[in-house]
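Before any comments, here is the structure.
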Amino acid sequence: LTKAFLFDLDGVIVDTAIYHYQAWKRLANELGFDISEEFNERLKGVSRTESLDLILEHGGLSLPDEKKTELATQKNEWYLELVSRMTSDDILPGVATFFAQVRKAGLRTALGSVSKNAPLILERVGMTDAFDAIIDGTKISKGKPDPEVFTKGAAELGVSPSECVVFEDAVAGVEAGKRGGMFVVGIGSPDVLTQADLVAPSLEALTVEEVLAKSNA
Ligand code: B16
Ligand code: MG
């Protein structure tokens with residue numbers, strides 16, 4: 001029986017993907033090449049260092065580790081400038097209503113994000129208290145598609161994986177939830193999130209009752 005809902009941050013609760021994209025694009029441009037919105041899809045749910053590796057490979061560059069650390073730090077500074085302007089207006093449509101239903105249903109909640117900036121973002125949009133447990137990039141050793149971020153969330157809530165539902169917008173995140181033995185709701189397109197047990201375009205398109213009817217079936 002479902003007891004807990006585990007949420008990804010970027011693309012499910014807030015749209016920080018656009019800020020990651022703007023900061024990475026600025027970095028690529030300074031290095032003399034560009035990245036497209038289509039290429040950016042590959043960076044969703046992927047850690048900062050792995051994202052940088054994909055971008056450098058895309059630009060045909062191979063750099064020493066020292067330089068890579070410097071570039072990742074620079075990108076994060078630009079990203080934080082954008083994040084610092086976020087307010088509760090940046091919460092995605094339907095999130096507030098959905099969370100009210102989650103509380104009413106007596107479900108426990110956890111955040112499962114590979115972002116090291118996740119606590120700061122929750123603070124900015126005023127959603128820190130919406131979660132009973134927060135697992136972010138500083139608490140894990142393996143990023144998605146490894147299930148660690150979600151299995152740690154379940155453990156912190158004291159529930160088993162089969163009692164959890166994961167909400168994810170990234171292919172790597174859906175895979176992480178499935179590998180963790182959880183029911184996964186994909187937020188996006190069914191053509192992309194093929195491994196998900198249920199897919200909806202956003203939390204606005206779902207009710208808690210409907211999710212529980214499927215996860216408990
Ligand atoms: P940071 P999620 C992920 O967040 C993003 O989707 C991904 O684009 C980003 O590179 C990653 O966090 C690391 O973020 O640089 O802030 O540590 O989707 O797992 O909430
Ligand atoms: Mg995401």
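Chain labels A, B, ... are given in the sequence in which chains occur in the structure tokens; within each chain residues are numbered consecutively from 1, and ligands are likewise numbered from 1 in the order shown.
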Task: Phe5 of chain A surroundings by only C-alpha atoms, 12 Å radius, close-in-sequence under 4 positions cut, as a PyMOL selection string - done: chain A and resi 1+98-99+101-103+105-112+130-133+150+153-154+157+159-168+177+182-185+208+211-212+215
C-alpha atoms of the current selection, written as an mmCIF file, in the first residue's frame:
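Listed below is the output, again_2.cif:
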```cif
data_model
loop_
_atom_site.group_PDB
_atom_site.id
_atom_site.type_symbol
_atom_site.label_atom_id
_atom_site.label_comp_id
_atom_site.auth_asym_id
_atom_site.auth_seq_id
_atom_site.Cartn_x
_atom_site.Cartn_y
_atom_site.Cartn_z
ATOM 1 C CA LEU A 1 0.000 0.000 0.000
ATOM 2 C CA PHE A 98 -1.572 18.487 -5.443
ATOM 3 C CA PHE A 99 0.405 18.926 -2.198
ATOM 4 C CA GLN A 101 -4.317 16.629 -1.483
ATOM 5 C CA VAL A 102 -1.156 14.717 -0.477
ATOM 6 C CA ARG A 103 -1.397 16.075 3.078
ATOM 7 C CA ALA A 105 -4.454 11.742 2.244
ATOM 8 C CA GLY A 106 -1.930 11.430 5.104
ATOM 9 C CA LEU A 107 0.946 10.537 2.799
ATOM 10 C CA ARG A 108 4.591 11.202 3.690
ATOM 11 C CA THR A 109 6.761 13.221 1.284
ATOM 12 C CA ALA A 110 10.408 13.340 0.281
ATOM 13 C CA LEU A 111 12.445 15.297 -2.230
ATOM 14 C CA GLY A 112 14.799 13.256 -4.422
ATOM 15 C CA ALA A 130 6.343 20.654 2.265
ATOM 16 C CA PHE A 131 8.827 17.752 2.630
ATOM 17 C CA ASP A 132 9.303 15.306 5.506
ATOM 18 C CA ALA A 133 12.724 14.353 4.108
ATOM 19 C CA PHE A 150 15.079 7.575 -3.920
ATOM 20 C CA GLY A 153 14.392 9.045 0.722
ATOM 21 C CA ALA A 154 12.325 5.944 1.493
ATOM 22 C CA LEU A 157 10.799 8.221 5.838
ATOM 23 C CA VAL A 159 8.904 3.135 4.389
ATOM 24 C CA SER A 160 9.787 0.343 1.966
ATOM 25 C CA PRO A 161 10.301 1.001 -1.782
ATOM 26 C CA SER A 162 7.070 -0.840 -2.684
ATOM 27 C CA GLU A 163 5.194 1.709 -0.539
ATOM 28 C CA CYS A 164 6.590 4.639 -2.585
ATOM 29 C CA VAL A 165 5.469 6.515 -5.668
ATOM 30 C CA VAL A 166 8.129 8.556 -7.520
ATOM 31 C CA PHE A 167 7.298 11.630 -9.641
ATOM 32 C CA GLU A 168 9.953 12.289 -12.322
ATOM 33 C CA GLY A 177 12.671 4.937 -9.528
ATOM 34 C CA MET A 182 8.969 1.932 -6.900
ATOM 35 C CA PHE A 183 5.810 2.886 -8.800
ATOM 36 C CA VAL A 184 6.837 5.740 -11.113
ATOM 37 C CA VAL A 185 4.697 8.583 -12.424
ATOM 38 C CA VAL A 208 -3.797 12.102 -5.639
ATOM 39 C CA VAL A 211 -2.449 8.094 -8.592
ATOM 40 C CA LEU A 212 -3.297 5.967 -5.525
ATOM 41 C CA SER A 215 -0.280 2.504 -7.491
#
```
- [ ] Kindly work out which residues sit at most 10 Å from ligand 1, using only C-alpha atoms and all ligand atoms, and give the list as a PyMOL selection string.
- [x] chain A and resi 7-21+24+40-52+72-73+75-77+79-80+83+111-121+135-138+143-144+149+168-170+172-173
With C-alpha atoms kept, could you save the residues just selected as a PDB file, in the first residue's frame?
```pdb
ATOM      1  CA  PHE A   7       9.341  14.073  -5.843  1.00  0.00           C
ATOM      2  CA  ASP A   8      12.076  15.141  -8.222  1.00  0.00           C
ATOM      3  CA  LEU A   9      12.657  18.927  -8.072  1.00  0.00           C
ATOM      4  CA  ASP A  10      13.671  20.300 -11.454  1.00  0.00           C
ATOM      5  CA  GLY A  11      10.835  19.792 -13.951  1.00  0.00           C
ATOM      6  CA  VAL A  12       8.308  18.499 -11.401  1.00  0.00           C
ATOM      7  CA  ILE A  13       8.112  21.159  -8.648  1.00  0.00           C
ATOM      8  CA  VAL A  14       9.899  24.087 -10.327  1.00  0.00           C
ATOM      9  CA  ASP A  15      11.260  24.791 -13.792  1.00  0.00           C
ATOM     10  CA  THR A  16      14.931  25.349 -13.048  1.00  0.00           C
ATOM     11  CA  ALA A  17      15.872  23.488 -16.266  1.00  0.00           C
ATOM     12  CA  ILE A  18      15.689  26.800 -18.119  1.00  0.00           C
ATOM     13  CA  TYR A  19      18.225  28.372 -15.715  1.00  0.00           C
ATOM     14  CA  HIS A  20      20.578  25.386 -15.973  1.00  0.00           C
ATOM     15  CA  TYR A  21      20.305  25.706 -19.758  1.00  0.00           C
ATOM     16  CA  TRP A  24      25.480  26.079 -19.543  1.00  0.00           C
ATOM     17  CA  ASN A  40      19.824  20.261 -23.221  1.00  0.00           C
ATOM     18  CA  GLU A  41      17.308  17.385 -22.853  1.00  0.00           C
ATOM     19  CA  ARG A  42      20.292  15.073 -22.283  1.00  0.00           C
ATOM     20  CA  LEU A  43      21.381  17.115 -19.269  1.00  0.00           C
ATOM     21  CA  LYS A  44      18.119  16.722 -17.322  1.00  0.00           C
ATOM     22  CA  GLY A  45      18.564  14.796 -14.082  1.00  0.00           C
ATOM     23  CA  VAL A  46      22.314  14.477 -14.763  1.00  0.00           C
ATOM     24  CA  SER A  47      24.826  15.785 -12.172  1.00  0.00           C
ATOM     25  CA  ARG A  48      26.886  18.953 -12.632  1.00  0.00           C
ATOM     26  CA  THR A  49      30.174  17.193 -13.409  1.00  0.00           C
ATOM     27  CA  GLU A  50      28.554  14.687 -15.768  1.00  0.00           C
ATOM     28  CA  SER A  51      26.706  17.530 -17.526  1.00  0.00           C
ATOM     29  CA  LEU A  52      29.994  19.388 -18.054  1.00  0.00           C
ATOM     30  CA  ALA A  72      31.748  23.903 -13.189  1.00  0.00           C
ATOM     31  CA  THR A  73      32.162  26.507 -10.442  1.00  0.00           C
ATOM     32  CA  LYS A  75      28.505  27.732 -14.326  1.00  0.00           C
ATOM     33  CA  ASN A  76      27.146  27.285 -10.815  1.00  0.00           C
ATOM     34  CA  GLU A  77      27.778  30.965 -10.000  1.00  0.00           C
ATOM     35  CA  TYR A  79      23.075  29.528 -12.230  1.00  0.00           C
ATOM     36  CA  LEU A  80      22.836  30.827  -8.639  1.00  0.00           C
ATOM     37  CA  VAL A  83      18.049  31.115  -8.916  1.00  0.00           C
ATOM     38  CA  LEU A 111      12.445  15.297  -2.230  1.00  0.00           C
ATOM     39  CA  GLY A 112      14.799  13.256  -4.422  1.00  0.00           C
ATOM     40  CA  SER A 113      17.036  15.626  -6.381  1.00  0.00           C
ATOM     41  CA  VAL A 114      20.630  15.255  -7.574  1.00  0.00           C
ATOM     42  CA  SER A 115      21.023  19.043  -7.338  1.00  0.00           C
ATOM     43  CA  LYS A 116      23.353  20.333  -4.640  1.00  0.00           C
ATOM     44  CA  ASN A 117      21.331  23.549  -4.751  1.00  0.00           C
ATOM     45  CA  ALA A 118      17.986  21.853  -3.977  1.00  0.00           C
ATOM     46  CA  PRO A 119      17.629  23.136  -0.358  1.00  0.00           C
ATOM     47  CA  LEU A 120      18.353  26.695  -1.502  1.00  0.00           C
ATOM     48  CA  ILE A 121      15.742  26.464  -4.277  1.00  0.00           C
ATOM     49  CA  ILE A 135      17.646  14.088  -0.258  1.00  0.00           C
ATOM     50  CA  ASP A 136      19.846  16.281  -2.461  1.00  0.00           C
ATOM     51  CA  GLY A 137      23.119  16.069  -4.367  1.00  0.00           C
ATOM     52  CA  THR A 138      25.183  16.466  -1.206  1.00  0.00           C
ATOM     53  CA  GLY A 143      23.336  10.151  -9.429  1.00  0.00           C
ATOM     54  CA  LYS A 144      20.273   9.031 -11.396  1.00  0.00           C
ATOM     55  CA  VAL A 149      18.490   9.261  -4.222  1.00  0.00           C
ATOM     56  CA  GLU A 168       9.953  12.289 -12.322  1.00  0.00           C
ATOM     57  CA  ASP A 169      10.355  14.253 -15.556  1.00  0.00           C
ATOM     58  CA  ALA A 170      13.747  12.884 -16.665  1.00  0.00           C
ATOM     59  CA  ALA A 172      17.302   8.915 -15.993  1.00  0.00           C
ATOM     60  CA  GLY A 173      15.023   9.679 -13.027  1.00  0.00           C
TER      61      GLY A 173
END
```
Cut-off 8 Å: closest segment 82-181 of chain A/segment 190-205 of chain A atom pairs per residue, using only C-alpha atoms, as a Markdown table:
```
| residue | atom | partner | partner_atom | distance |
| --- | --- | --- | --- | --- |
| A:Pro93 | CA | A:Glu204 | CA | 5.9 |
| A:Gly94 | CA | A:Glu204 | CA | 3.8 |
| A:Val95 | CA | A:Leu203 | CA | 6.0 |
| A:Thr97 | CA | A:Glu204 | CA | 7.9 |
| A:Phe98 | CA | A:Leu203 | CA | 6.8 |
| A:Asp169 | CA | A:Leu193 | CA | 7.8 |
| A:Ala170 | CA | A:Leu193 | CA | 7.5 |
| A:Val171 | CA | A:Leu193 | CA | 5.7 |
| A:Val174 | CA | A:Ala196 | CA | 6.1 |
| A:Glu175 | CA | A:Gln195 | CA | 6.8 |
| A:Lys178 | CA | A:Gln195 | CA | 7.7 |
```
Take the selection from the previous step and output its residues with N, CA and C atoms, as a CSV table (one decimal), in the first residue's frame.
```csv
chain,number,residue,atom,x,y,z
A,93,PRO,N,2.6,24.9,-12.2
A,93,PRO,CA,1.1,24.9,-12.1
A,93,PRO,C,0.6,23.5,-11.5
A,94,GLY,N,-0.3,23.6,-10.6
A,94,GLY,CA,-0.9,22.4,-10.0
A,94,GLY,C,-0.2,21.8,-8.8
A,95,VAL,N,1.0,22.3,-8.5
A,95,VAL,CA,1.8,21.8,-7.4
A,95,VAL,C,1.2,22.0,-6.0
A,97,THR,N,-2.0,22.7,-5.2
A,97,THR,CA,-3.2,21.9,-5.1
A,97,THR,C,-2.9,20.4,-4.8
A,98,PHE,N,-2.0,19.9,-5.6
A,98,PHE,CA,-1.6,18.5,-5.4
A,98,PHE,C,-1.0,18.2,-4.0
A,169,ASP,N,10.5,13.8,-14.2
A,169,ASP,CA,10.4,14.3,-15.6
A,169,ASP,C,11.5,13.8,-16.5
A,170,ALA,N,12.6,13.3,-15.9
A,170,ALA,CA,13.7,12.9,-16.7
A,170,ALA,C,13.8,11.4,-16.9
A,171,VAL,N,14.3,11.0,-18.1
A,171,VAL,CA,14.4,9.6,-18.4
A,171,VAL,C,15.3,8.9,-17.4
A,174,VAL,N,13.2,8.4,-14.1
A,174,VAL,CA,12.2,7.4,-14.2
A,174,VAL,C,12.9,6.0,-14.0
A,175,GLU,N,14.1,5.9,-14.7
A,175,GLU,CA,14.8,4.6,-14.5
A,175,GLU,C,15.3,4.4,-13.1
A,178,LYS,N,12.3,3.1,-11.0
A,178,LYS,CA,12.0,1.7,-11.4
A,178,LYS,C,13.1,0.7,-10.8
```
Using DSSP on the backbone coordinates, identify the residues of segment 6-203 of chain A assigned to alpha helix (DSSP H); present them as a JSON list (two decimals) with C-alpha atoms, in the first residue's frame.
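That gives us result32.json:
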```
[["chain", "number", "residue", "atom", "x", "y", "z"],
["A", 17, "ALA", "CA", 15.87, 23.49, -16.27],
["A", 18, "ILE", "CA", 15.69, 26.80, -18.12],
["A", 19, "TYR", "CA", 18.22, 28.37, -15.71],
["A", 20, "HIS", "CA", 20.58, 25.39, -15.97],
["A", 21, "TYR", "CA", 20.31, 25.71, -19.76],
["A", 22, "GLN", "CA", 21.01, 29.45, -19.77],
["A", 23, "ALA", "CA", 24.08, 29.03, -17.54],
["A", 24, "TRP", "CA", 25.48, 26.08, -19.54],
["A", 25, "LYS", "CA", 24.84, 27.93, -22.82],
["A", 26, "ARG", "CA", 26.74, 30.95, -21.54],
["A", 27, "LEU", "CA", 29.64, 28.69, -20.60],
["A", 28, "ALA", "CA", 29.63, 26.92, -23.99],
["A", 29, "ASN", "CA", 29.53, 30.28, -25.79],
["A", 30, "GLU", "CA", 32.58, 31.48, -23.83],
["A", 37, "GLU", "CA", 17.55, 23.18, -26.47],
["A", 38, "GLU", "CA", 17.41, 19.68, -27.92],
["A", 39, "PHE", "CA", 20.90, 18.87, -26.60],
["A", 40, "ASN", "CA", 19.82, 20.26, -23.22],
["A", 48, "ARG", "CA", 26.89, 18.95, -12.63],
["A", 49, "THR", "CA", 30.17, 17.19, -13.41],
["A", 50, "GLU", "CA", 28.55, 14.69, -15.77],
["A", 51, "SER", "CA", 26.71, 17.53, -17.53],
["A", 52, "LEU", "CA", 29.99, 19.39, -18.05],
["A", 53, "ASP", "CA", 31.59, 16.25, -19.51],
["A", 54, "LEU", "CA", 28.70, 15.88, -21.99],
["A", 55, "ILE", "CA", 28.98, 19.56, -22.99],
["A", 56, "LEU", "CA", 32.75, 19.46, -23.50],
["A", 57, "GLU", "CA", 32.40, 16.30, -25.56],
["A", 58, "HIS", "CA", 29.71, 18.07, -27.62],
["A", 65, "ASP", "CA", 40.41, 18.25, -14.28],
["A", 66, "GLU", "CA", 41.58, 21.52, -12.75],
["A", 67, "LYS", "CA", 40.09, 23.53, -15.60],
["A", 68, "LYS", "CA", 36.89, 21.48, -15.45],
["A", 69, "THR", "CA", 36.44, 22.26, -11.75],
["A", 70, "GLU", "CA", 36.88, 25.94, -12.54],
["A", 71, "LEU", "CA", 34.27, 25.80, -15.33],
["A", 72, "ALA", "CA", 31.75, 23.90, -13.19],
["A", 73, "THR", "CA", 32.16, 26.51, -10.44],
["A", 74, "GLN", "CA", 31.68, 29.33, -12.94],
["A", 75, "LYS", "CA", 28.51, 27.73, -14.33],
["A", 76, "ASN", "CA", 27.15, 27.28, -10.81],
["A", 77, "GLU", "CA", 27.78, 30.97, -10.00],
["A", 78, "TRP", "CA", 25.80, 32.04, -13.06],
["A", 79, "TYR", "CA", 23.08, 29.53, -12.23],
["A", 80, "LEU", "CA", 22.84, 30.83, -8.64],
["A", 81, "GLU", "CA", 22.44, 34.40, -9.93],
["A", 82, "LEU", "CA", 19.35, 33.24, -11.82],
["A", 83, "VAL", "CA", 18.05, 31.11, -8.92],
["A", 95, "VAL", "CA", 1.84, 21.77, -7.39],
["A", 96, "ALA", "CA", 0.11, 23.62, -4.52],
["A", 97, "THR", "CA", -3.24, 21.89, -5.09],
["A", 98, "PHE", "CA", -1.57, 18.49, -5.44],
["A", 99, "PHE", "CA", 0.41, 18.93, -2.20],
["A", 100, "ALA", "CA", -2.76, 19.93, -0.33],
["A", 101, "GLN", "CA", -4.32, 16.63, -1.48],
["A", 102, "VAL", "CA", -1.16, 14.72, -0.48],
["A", 103, "ARG", "CA", -1.40, 16.08, 3.08],
["A", 104, "LYS", "CA", -5.12, 15.34, 3.29],
["A", 118, "ALA", "CA", 17.99, 21.85, -3.98],
["A", 119, "PRO", "CA", 17.63, 23.14, -0.36],
["A", 120, "LEU", "CA", 18.35, 26.69, -1.50],
["A", 121, "ILE", "CA", 15.74, 26.46, -4.28],
["A", 122, "LEU", "CA", 13.09, 25.08, -1.88],
["A", 123, "GLU", "CA", 13.87, 27.99, 0.45],
["A", 124, "ARG", "CA", 13.54, 30.51, -2.39],
["A", 125, "VAL", "CA", 10.10, 29.23, -3.45],
["A", 148, "GLU", "CA", 20.22, 5.85, -4.39],
["A", 149, "VAL", "CA", 18.49, 9.26, -4.22],
["A", 150, "PHE", "CA", 15.08, 7.58, -3.92],
["A", 151, "THR", "CA", 16.02, 4.58, -1.75],
["A", 152, "LYS", "CA", 17.62, 7.00, 0.73],
["A", 153, "GLY", "CA", 14.39, 9.05, 0.72],
["A", 154, "ALA", "CA", 12.32, 5.94, 1.49],
["A", 155, "ALA", "CA", 14.75, 4.93, 4.25],
["A", 156, "GLU", "CA", 14.62, 8.38, 5.85],
["A", 157, "LEU", "CA", 10.80, 8.22, 5.84],
["A", 171, "VAL", "CA", 14.41, 9.57, -18.42],
["A", 172, "ALA", "CA", 17.30, 8.91, -15.99],
["A", 173, "GLY", "CA", 15.02, 9.68, -13.03],
["A", 174, "VAL", "CA", 12.24, 7.35, -14.16],
["A", 175, "GLU", "CA", 14.83, 4.60, -14.54],
["A", 176, "ALA", "CA", 16.14, 5.35, -11.03],
["A", 177, "GLY", "CA", 12.67, 4.94, -9.53],
["A", 178, "LYS", "CA", 12.01, 1.68, -11.38],
["A", 179, "ARG", "CA", 15.41, 0.26, -10.39]]
```
Task: Among the residues A:Ile187, A:Asn216, A:Ser141, A:Thr128, the one that comes closest to ligand 2 [using only C-alpha atoms and all ligand atoms] - done: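 Comparing A:Ile187, A:Asn216, A:Ser141, A:Thr128 against ligand 2, the winner is A:Ile187.
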